[in-house]
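This is upload.pdb. It holds PDB, C-alpha atoms and all ligand atoms.
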ATOM      1  CA  MET Q  22      77.517 105.849 119.121
ATOM      2  CA  ALA Q  23      76.189 109.119 117.696
ATOM      3  CA  SER Q  24      73.213 109.266 115.342
ATOM      4  CA  THR Q  25      73.077 106.906 112.358
ATOM      5  CA  LYS Q  26      73.572 109.871 110.026
ATOM      6  CA  VAL Q  27      76.813 110.906 111.747
ATOM      7  CA  TYR Q  28      77.947 107.260 111.841
ATOM      8  CA  ARG Q  29      77.444 106.953 108.065
ATOM      9  CA  GLN Q  30      79.412 110.165 107.532
ATOM     10  CA  ARG Q  31      82.321 108.671 109.465
ATOM     11  CA  THR Q  32      82.395 105.384 107.586
ATOM     12  CA  GLU Q  33      81.846 107.113 104.249
ATOM     13  CA  PHE Q  34      84.702 109.497 105.006
ATOM     14  CA  ILE Q  35      87.033 106.525 105.649
ATOM     15  CA  ALA Q  36      85.769 104.663 102.558
ATOM     16  CA  GLU Q  37      86.624 107.656 100.337
ATOM     17  CA  LEU Q  38      90.023 107.991 101.993
ATOM     18  CA  LEU Q  39      90.803 104.304 101.333
ATOM     19  CA  GLU Q  40      89.787 104.557  97.685
ATOM     20  CA  LYS Q  41      91.820 107.723  97.180
ATOM     21  CA  GLN Q  42      94.937 106.544  98.995
ATOM     22  CA  PHE Q  43      95.415 103.087  97.498
ATOM     23  CA  PRO Q  44      95.796 102.042  93.879
ATOM     24  CA  PRO Q  45      93.339  99.386  92.696
ATOM     25  CA  ARG Q  46      94.694  96.491  94.702
ATOM     26  CA  ARG Q  47      93.800  94.553  97.814
ATOM     27  CA  ILE Q  48      93.703  96.744 100.961
ATOM     28  CA  ARG Q  49      94.594  95.094 104.270
ATOM     29  CA  GLY Q  50      92.746  96.840 107.098
ATOM     30  CA  LEU Q  51      92.568  96.439 110.854
ATOM     31  CA  GLU Q  52      89.963  97.606 113.353
ATOM     32  CA  ILE Q  53      90.833  97.630 117.061
ATOM     33  CA  GLY Q  54      87.577  97.647 119.037
ATOM     34  CA  VAL Q  55      84.729  96.250 116.964
ATOM     35  CA  TYR Q  56      81.602  96.147 119.145
ATOM     36  CA  LYS Q  57      78.654  95.424 116.799
ATOM     37  CA  GLY Q  58      80.901  95.323 113.748
ATOM     38  CA  ASP Q  59      78.997  98.074 111.925
ATOM     39  CA  PHE Q  60      82.072 100.106 110.997
ATOM     40  CA  SER Q  61      83.935  97.280 109.220
ATOM     41  CA  HIS Q  62      80.715  95.837 107.840
ATOM     42  CA  TYR Q  63      79.904  99.105 106.088
ATOM     43  CA  LEU Q  64      83.451  99.490 104.739
ATOM     44  CA  LEU Q  65      83.601  95.886 103.480
ATOM     45  CA  HIS Q  66      80.408  96.380 101.498
ATOM     46  CA  ARG Q  67      81.429  99.784 100.237
ATOM     47  CA  VAL Q  68      85.046  98.888  99.232
ATOM     48  CA  PRO Q  69      85.090  95.400  97.635
ATOM     49  CA  ARG Q  70      88.901  95.131  97.587
ATOM     50  CA  LEU Q  71      89.137  95.680 101.337
ATOM     51  CA  TYR Q  72      90.044  92.791 103.687
ATOM     52  CA  MET Q  73      89.587  93.455 107.406
ATOM     53  CA  THR Q  74      91.083  91.953 110.548
ATOM     54  CA  MET Q  75      88.927  92.922 113.507
ATOM     55  CA  VAL Q  76      90.009  92.664 117.137
ATOM     56  CA  ASP Q  77      87.774  92.719 120.209
ATOM     57  CA  PRO Q  78      87.857  90.559 123.368
ATOM     58  CA  TYR Q  79      84.058  90.689 123.817
ATOM     59  CA  LEU Q  80      84.475  90.480 127.580
ATOM     60  CA  GLN Q  81      82.965  92.207 130.554
ATOM     61  CA  TYR Q  82      85.152  94.966 131.901
ATOM     62  CA  ASP Q  83      84.875  98.209 133.775
ATOM     63  CA  GLU Q  84      85.272 100.986 131.272
ATOM     64  CA  PHE Q  85      82.631 100.108 128.669
ATOM     65  CA  LYS Q  86      79.106  98.686 129.024
ATOM     66  CA  LYS Q  87      79.575  98.077 132.743
ATOM     67  CA  ARG Q  88      76.225  96.375 133.122
ATOM     68  CA  TRP Q  89      76.742  93.808 130.374
ATOM     69  CA  SER Q  90      77.318  90.234 131.522
ATOM     70  CA  ASN Q  91      79.683  87.884 129.734
ATOM     71  CA  ARG Q  92      76.577  86.182 128.418
ATOM     72  CA  SER Q  93      75.613  89.394 126.591
ATOM     73  CA  TRP Q  94      79.144  89.707 125.195
ATOM     74  CA  ASN Q  95      79.014  86.074 124.003
ATOM     75  CA  ALA Q  96      75.722  86.756 122.242
ATOM     76  CA  LEU Q  97      77.104  89.889 120.572
ATOM     77  CA  TYR Q  98      80.229  88.015 119.470
ATOM     78  CA  ALA Q  99      78.062  85.297 117.887
ATOM     79  CA  ARG Q 100      76.001  87.912 116.020
ATOM     80  CA  VAL Q 101      79.090  89.683 114.662
ATOM     81  CA  CYS Q 102      80.608  86.318 113.589
ATOM     82  CA  PHE Q 103      77.454  85.544 111.639
ATOM     83  CA  LYS Q 104      77.396  88.977 109.982
ATOM     84  CA  MET Q 105      81.047  88.691 108.944
ATOM     85  CA  ALA Q 106      80.732  85.080 107.719
ATOM     86  CA  LEU Q 107      78.557  86.396 104.881
ATOM     87  CA  LEU Q 108      81.513  88.389 103.562
ATOM     88  CA  LYS Q 109      83.209  85.334 102.101
ATOM     89  CA  GLY Q 110      86.588  85.402 103.796
ATOM     90  CA  ARG Q 111      87.192  89.153 103.620
ATOM     91  CA  ALA Q 112      86.688  89.595 107.391
ATOM     92  CA  VAL Q 113      88.602  87.914 110.196
ATOM     93  CA  LEU Q 114      87.248  88.491 113.697
ATOM     94  CA  LEU Q 115      89.717  87.839 116.519
ATOM     95  CA  ARG Q 116      88.233  87.508 119.983
ATOM     96  CA  MET Q 117      91.211  88.819 121.929
ATOM     97  CA  THR Q 118      92.693  92.055 123.214
ATOM     98  CA  SER Q 119      94.678  94.457 121.092
ATOM     99  CA  GLU Q 120      97.830  93.427 122.939
ATOM    100  CA  GLU Q 121      97.236  89.721 122.306
ATOM    101  CA  ALA Q 122      96.564  90.347 118.614
ATOM    102  CA  ALA Q 123      99.720  92.428 118.199
ATOM    103  CA  ALA Q 124     101.747  89.368 119.166
ATOM    104  CA  LEU Q 125     100.382  87.620 116.046
ATOM    105  CA  TYR Q 126     101.338  90.217 113.426
ATOM    106  CA  ASP Q 127     104.637  91.749 112.375
ATOM    107  CA  GLY Q 128     103.077  94.367 110.130
ATOM    108  CA  GLY Q 129     101.899  94.870 106.587
ATOM    109  CA  PHE Q 130      98.590  96.610 107.268
ATOM    110  CA  ASP Q 131      97.498  99.388 104.902
ATOM    111  CA  PHE Q 132      95.026 100.859 107.322
ATOM    112  CA  VAL Q 133      94.376 100.755 111.063
ATOM    113  CA  PHE Q 134      91.367 102.170 112.900
ATOM    114  CA  ILE Q 135      91.898 102.479 116.676
ATOM    115  CA  ASP Q 136      88.578 102.551 118.514
ATOM    116  CA  ALA Q 137      88.869 100.341 121.635
ATOM    117  CA  LEU Q 138      89.335 101.720 125.161
ATOM    118  CA  HIS Q 139      89.493 105.523 124.994
ATOM    119  CA  ASP Q 140      91.477 106.406 128.112
ATOM    120  CA  TYR Q 141      94.955 107.846 127.603
ATOM    121  CA  PRO Q 142      97.041 104.783 128.590
ATOM    122  CA  HIS Q 143      95.109 102.419 126.320
ATOM    123  CA  VAL Q 144      95.088 104.710 123.281
ATOM    124  CA  LYS Q 145      98.824 105.321 123.785
ATOM    125  CA  GLN Q 146      99.374 101.569 123.960
ATOM    126  CA  ASP Q 147      97.296 100.916 120.839
ATOM    127  CA  LEU Q 148      99.271 103.537 118.909
ATOM    128  CA  GLU Q 149     102.555 102.041 120.061
ATOM    129  CA  LEU Q 150     101.397  98.535 119.134
ATOM    130  CA  TRP Q 151      99.827  99.233 115.753
ATOM    131  CA  GLU Q 152     101.328 102.332 114.141
ATOM    132  CA  PRO Q 153     104.629 100.486 113.529
ATOM    133  CA  ARG Q 154     102.617  97.669 111.919
ATOM    134  CA  VAL Q 155     101.179  99.947 109.210
ATOM    135  CA  ALA Q 156     103.093 100.024 105.912
ATOM    136  CA  LYS Q 157     104.533 103.241 104.469
ATOM    137  CA  GLY Q 158     101.815 105.161 102.652
ATOM    138  CA  GLY Q 159      99.194 103.501 104.861
ATOM    139  CA  ILE Q 160      96.498 105.195 106.935
ATOM    140  CA  VAL Q 161      96.786 105.409 110.727
ATOM    141  CA  SER Q 162      93.445 106.495 112.163
ATOM    142  CA  GLY Q 163      90.899 106.222 114.910
ATOM    143  CA  HIS Q 164      87.791 107.602 116.500
ATOM    144  CA  ASP Q 165      86.733 109.996 119.251
ATOM    145  CA  TYR Q 166      89.266 112.793 119.066
ATOM    146  CA  SER Q 167      87.078 114.688 121.482
ATOM    147  CA  MET Q 168      86.770 115.950 125.052
ATOM    148  CA  ALA Q 169      83.548 113.979 125.601
ATOM    149  CA  PRO Q 170      83.440 111.630 128.635
ATOM    150  CA  ASP Q 171      82.993 108.599 126.363
ATOM    151  CA  ALA Q 172      86.170 109.670 124.531
ATOM    152  CA  GLY Q 173      88.216 109.191 127.672
ATOM    153  CA  GLY Q 174      87.638 112.849 128.653
ATOM    154  CA  GLY Q 175      90.411 113.972 126.308
ATOM    155  CA  GLY Q 176      92.516 110.809 126.612
ATOM    156  CA  VAL Q 177      92.331 110.179 122.870
ATOM    157  CA  ILE Q 178      93.418 113.758 122.097
ATOM    158  CA  GLN Q 179      96.374 113.546 124.484
ATOM    159  CA  ALA Q 180      97.580 110.165 123.232
ATOM    160  CA  VAL Q 181      97.178 111.021 119.530
ATOM    161  CA  ASP Q 182      98.847 114.450 119.838
ATOM    162  CA  GLU Q 183     101.740 113.040 121.841
ATOM    163  CA  TYR Q 184     102.372 110.127 119.513
ATOM    164  CA  ALA Q 185     102.089 112.301 116.400
ATOM    165  CA  ALA Q 186     104.572 114.801 117.850
ATOM    166  CA  LYS Q 187     106.957 111.975 118.735
ATOM    167  CA  ILE Q 188     107.073 110.664 115.151
ATOM    168  CA  GLY Q 189     106.822 114.131 113.564
ATOM    169  CA  VAL Q 190     103.445 114.012 111.823
ATOM    170  CA  THR Q 191     100.494 116.383 111.981
ATOM    171  CA  PRO Q 192      97.154 114.650 112.550
ATOM    172  CA  LYS Q 193      94.269 115.478 110.221
ATOM    173  CA  PHE Q 194      90.596 115.235 111.033
ATOM    174  CA  GLY Q 195      87.525 113.854 109.291
ATOM    175  CA  ALA Q 196      83.813 113.461 109.934
ATOM    176  CA  ASP Q 197      82.578 112.667 113.439
ATOM    177  CA  THR Q 198      85.804 113.034 115.483
ATOM    178  CA  VAL Q 199      87.883 110.812 113.198
ATOM    179  CA  TRP Q 200      91.638 111.510 113.358
ATOM    180  CA  TYR Q 201      94.189 110.200 110.867
ATOM    181  CA  TRP Q 202      97.507 110.633 109.125
ATOM    182  CA  ILE Q 203      99.221 109.019 106.182
ATOM    183  CA  LYS Q 204     102.323 107.158 107.243
ATOM    184  CA  GLU Q 205     105.505 108.516 105.683
TER     185      GLU Q 205
HETATM  186  C1  LIG Q 301      83.653 102.133 121.003
HETATM  187  S1  LIG Q 301      83.465 100.406 120.816
HETATM  188  C2  LIG Q 301      83.978 100.086 119.161
HETATM  189  C3  LIG Q 301      83.038 100.684 118.129
HETATM  190  C4  LIG Q 301      83.312 100.270 116.699
HETATM  191  N1  LIG Q 301      84.689 100.534 116.300
HETATM  192  C5  LIG Q 301      82.363 101.015 115.779
HETATM  193  O1  LIG Q 301      82.800 101.960 115.072
HETATM  194  O2  LIG Q 301      81.168 100.691 115.771
HETATM  195  C6  LIG Q 301      84.819  99.815 121.786
HETATM  196  C7  LIG Q 301      85.077  98.312 121.712
HETATM  197  O3  LIG Q 301      86.424  98.085 122.161
HETATM  198  C8  LIG Q 301      86.466  96.802 122.723
HETATM  199  N2  LIG Q 301      87.660  96.636 123.554
HETATM  200  C9  LIG Q 301      87.811  96.824 124.878
HETATM  201  N3  LIG Q 301      89.044  96.537 125.273
HETATM  202  C10 LIG Q 301      89.723  96.168 124.172
HETATM  203  C11 LIG Q 301      91.048  95.733 123.937
HETATM  204  N4  LIG Q 301      91.944  95.646 124.930
HETATM  205  N5  LIG Q 301      91.418  95.417 122.681
HETATM  206  C12 LIG Q 301      90.516  95.494 121.670
HETATM  207  N6  LIG Q 301      89.233  95.896 121.825
HETATM  208  C13 LIG Q 301      88.838  96.225 123.065
HETATM  209  C14 LIG Q 301      85.151  96.706 123.495
HETATM  210  O4  LIG Q 301      84.798  95.359 123.746
HETATM  211  C15 LIG Q 301      84.175  97.443 122.568
HETATM  212  O5  LIG Q 301      83.436  96.542 121.773
END

Rewritten as structure tokens:
Amino acid sequence: MASTKVYRQRTEFIAELLEKQFPPRRIRGLEIGVYKGDFSHYLLHRVPRLYMTMVDPYLQYDEFKKRWSNRSWNALYARVCFKMALLKGRAVLLRMTSEEAAALYDGGFDFVFIDALHDYPHVKQDLELWEPRVAKGGIVSGHDYSMAPDAGGGGVIQAVDEYAAKIGVTPKFGADTVWYWIKE
């Protein structure tokens, strides 16, 4: 993650977008790839009418945090559960992969933030799984639209550009490599 200042800019950018885009009603959001939970935690405090579903398998795997054992992932999962429990039912944390979670939902999300594995095939898959599950007028977004190695070396850019072209939208960009569009 970049500096705390940049991180706040990113979450604040999304918070303002949510408030602007939706009338004063409940907002149903989804984060794919949660890690420490800071992104959703900030948004849930900042936007009281936001309800978040958060998806992360918290498992050891090759592409991210190679040296972490499953014990470390278990400990992180427990910490994020505790943090989210204080939000009184506005946060649901699912310990499973994006693919597994997609089997549980038909749609109805107002907002999705894709920030799990950043290589091209996974970002493509996450777009294919979740963009159709966002309601019209909702926000489709994600992180790391960048050529940096930890952004899949351009994998996010390729997947986002390709998917956007396929459905005929032009991606927009916000603070700290955030990409997004409003679903028509
Ligand atoms: C870059 S971090 C997420 C950062 C978080 N969104 C934030 O803003 O602080 C990537 C996360 O994706 C998770 N992840 C890996 N594979 C995944 C999958 N198949 N589905 C969902 N999440 C996955 C990892 O466990 C890791 O916690």

**OP:** Just say which residues the PyMOL selection byres (((chain Q and resi 147) around 12) and not hetatm) picks in this file, as a PyMOL selection string.
**Re:** chain Q and resi 51-54+76+118-123+133-146+148-154+161-163+177+180-181+184

Subject >> Nearest-residue call for ligand LIG 301 (chain Q), choices Q:Ile160, Q:Val199, Q:Leu38, Q:Val190, using all atoms listed in the file >> reply: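 The answer is Q:Val199, which sits nearest to ligand LIG 301 (chain Q).
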
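Computed from the coordinates, the atom N1 of ligand LIG 301 (chain Q) to atom CA of Val55 of chain Q distance equals 4.3 Å.
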
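Interatomic distance, atom C10 of ligand LIG 301 (chain Q) to atom CA of Met117 of chain Q: 7.8 Å.
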
**OP:** Given the file shown, enumerate the residues that the PyMOL selection byres (((chain Q and resi 171) around 10) and not hetatm) captures and present them as a count of residues only.
**Re:** 16

Please, what is the axis-aligned box for every listed atom of ligand LIG 301 (chain Q) with 3 Å on each side, as centre and edge lengths in Å to one decimal, as AutoDock Vina command-line options?
--center_x 86.6 --center_y 98.7 --center_z 120.2 --size_x 16.8 --size_y 12.8 --size_z 16.2

**OP:** Determine, counting all atoms listed in the file, every residue of protein, DNA or RNA that lies within 10 Å of (96.8, 112.2, 108.6) in the file coordinates, then give the result as a list in words.
**Re:** Gly159, Ile160, Val161, Ser162, Ala185, Val190, Thr191, Pro192, Lys193, Phe194, Gly195, Trp200, Tyr201, Trp202, Ile203, Lys204 and Glu205 of chain Q

Subject >> Nearest residue to ligand LIG 301 (chain Q) from the set Q:Cys102, Q:Leu115, Q:Val68, Q:Leu39 (distances using only C-alpha atoms and all ligand atoms) >> reply: Q:Leu115

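Between atom CA of Glu33 of chain Q and atom CA of Leu64 of chain Q there is a distance of 7.8 Å.
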
Original post:
Which of these, Q:Ala36, Q:Ala156, Q:Leu80, Q:Ala99, has the shortest distance to ligand LIG 301 (chain Q) once you count only C-alpha atoms and all ligand atoms?
Top reply: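 Of all the options, Q:Leu80 lies closest to ligand LIG 301 (chain Q).
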
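For the residues Q:Arg49, Q:Arg31, Q:Lys109, Q:Arg100, ranking by smallest atom-to-atom distance to ligand LIG 301 (chain Q) using all atoms listed in the file places Q:Arg31 first.
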
**OP:** Report as a list in words the residues that result from applying the PyMOL selection byres (((chain Q and resi 94) around 12) and not hetatm) to the structure here.
**Re:** Val55, Tyr56, Lys57, Asp77, Pro78, Tyr79, Leu80, Gln81, Tyr82, Phe85, Lys86, Lys87, Arg88, Trp89, Ser90, Asn91, Arg92, Ser93, Asn95, Ala96, Leu97, Tyr98, Ala99, Arg100, Val101 and Arg116 of chain Q

Subject >> Who sits within 7 Å of Gly50 of chain Q, only C-alpha atoms, same chain under 3 positions skipped, as a PyMOL selection string >> reply: chain Q and resi 71-74+130-133

**OP:** Go through Q:Arg111, Q:Lys41, Q:His164, Q:Lys187 one by one, measure the shortest atom-to-atom distance of each to ligand LIG 301 (chain Q) using all atoms listed in the file, and give the residue with the smallest value.
**Re:** Q:His164

**OP:** Pick out the closest residue to ligand LIG 301 (chain Q) from this set: Q:Ala112, Q:Leu107, Q:Met75, Q:Ile48. Count only C-alpha atoms and all ligand atoms.
**Re:**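 Closest to ligand LIG 301 (chain Q), using only C-alpha atoms and all ligand atoms: Q:Met75.
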
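Near (79.9, 109.3, 106.9), the residues that fall inside 12 Å on the basis of all atoms listed in the file are Ala23, Ser24, Thr25, Lys26, Val27, Tyr28, Arg29, Gln30, Arg31, Thr32, Glu33, Phe34, Ile35, Ala36, Glu37, Leu38, Phe60, Tyr63, Leu64, Arg67, Gly195, Ala196, Asp197, Thr198 and Val199 of chain Q.
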
Could you write those residues out with C-alpha atoms, as an mmCIF file, in the coordinates of the input?
data_model
loop_
_atom_site.group_PDB
_atom_site.id
_atom_site.type_symbol
_atom_site.label_atom_id
_atom_site.label_comp_id
_atom_site.auth_asym_id
_atom_site.auth_seq_id
_atom_site.Cartn_x
_atom_site.Cartn_y
_atom_site.Cartn_z
ATOM 1 C CA ALA Q 23 76.189 109.119 117.696
ATOM 2 C CA SER Q 24 73.213 109.266 115.342
ATOM 3 C CA THR Q 25 73.077 106.906 112.358
ATOM 4 C CA LYS Q 26 73.572 109.871 110.026
ATOM 5 C CA VAL Q 27 76.813 110.906 111.747
ATOM 6 C CA TYR Q 28 77.947 107.260 111.841
ATOM 7 C CA ARG Q 29 77.444 106.953 108.065
ATOM 8 C CA GLN Q 30 79.412 110.165 107.532
ATOM 9 C CA ARG Q 31 82.321 108.671 109.465
ATOM 10 C CA THR Q 32 82.395 105.384 107.586
ATOM 11 C CA GLU Q 33 81.846 107.113 104.249
ATOM 12 C CA PHE Q 34 84.702 109.497 105.006
ATOM 13 C CA ILE Q 35 87.033 106.525 105.649
ATOM 14 C CA ALA Q 36 85.769 104.663 102.558
ATOM 15 C CA GLU Q 37 86.624 107.656 100.337
ATOM 16 C CA LEU Q 38 90.023 107.991 101.993
ATOM 17 C CA PHE Q 60 82.072 100.106 110.997
ATOM 18 C CA TYR Q 63 79.904 99.105 106.088
ATOM 19 C CA LEU Q 64 83.451 99.490 104.739
ATOM 20 C CA ARG Q 67 81.429 99.784 100.237
ATOM 21 C CA GLY Q 195 87.525 113.854 109.291
ATOM 22 C CA ALA Q 196 83.813 113.461 109.934
ATOM 23 C CA ASP Q 197 82.578 112.667 113.439
ATOM 24 C CA THR Q 198 85.804 113.034 115.483
ATOM 25 C CA VAL Q 199 87.883 110.812 113.198
#
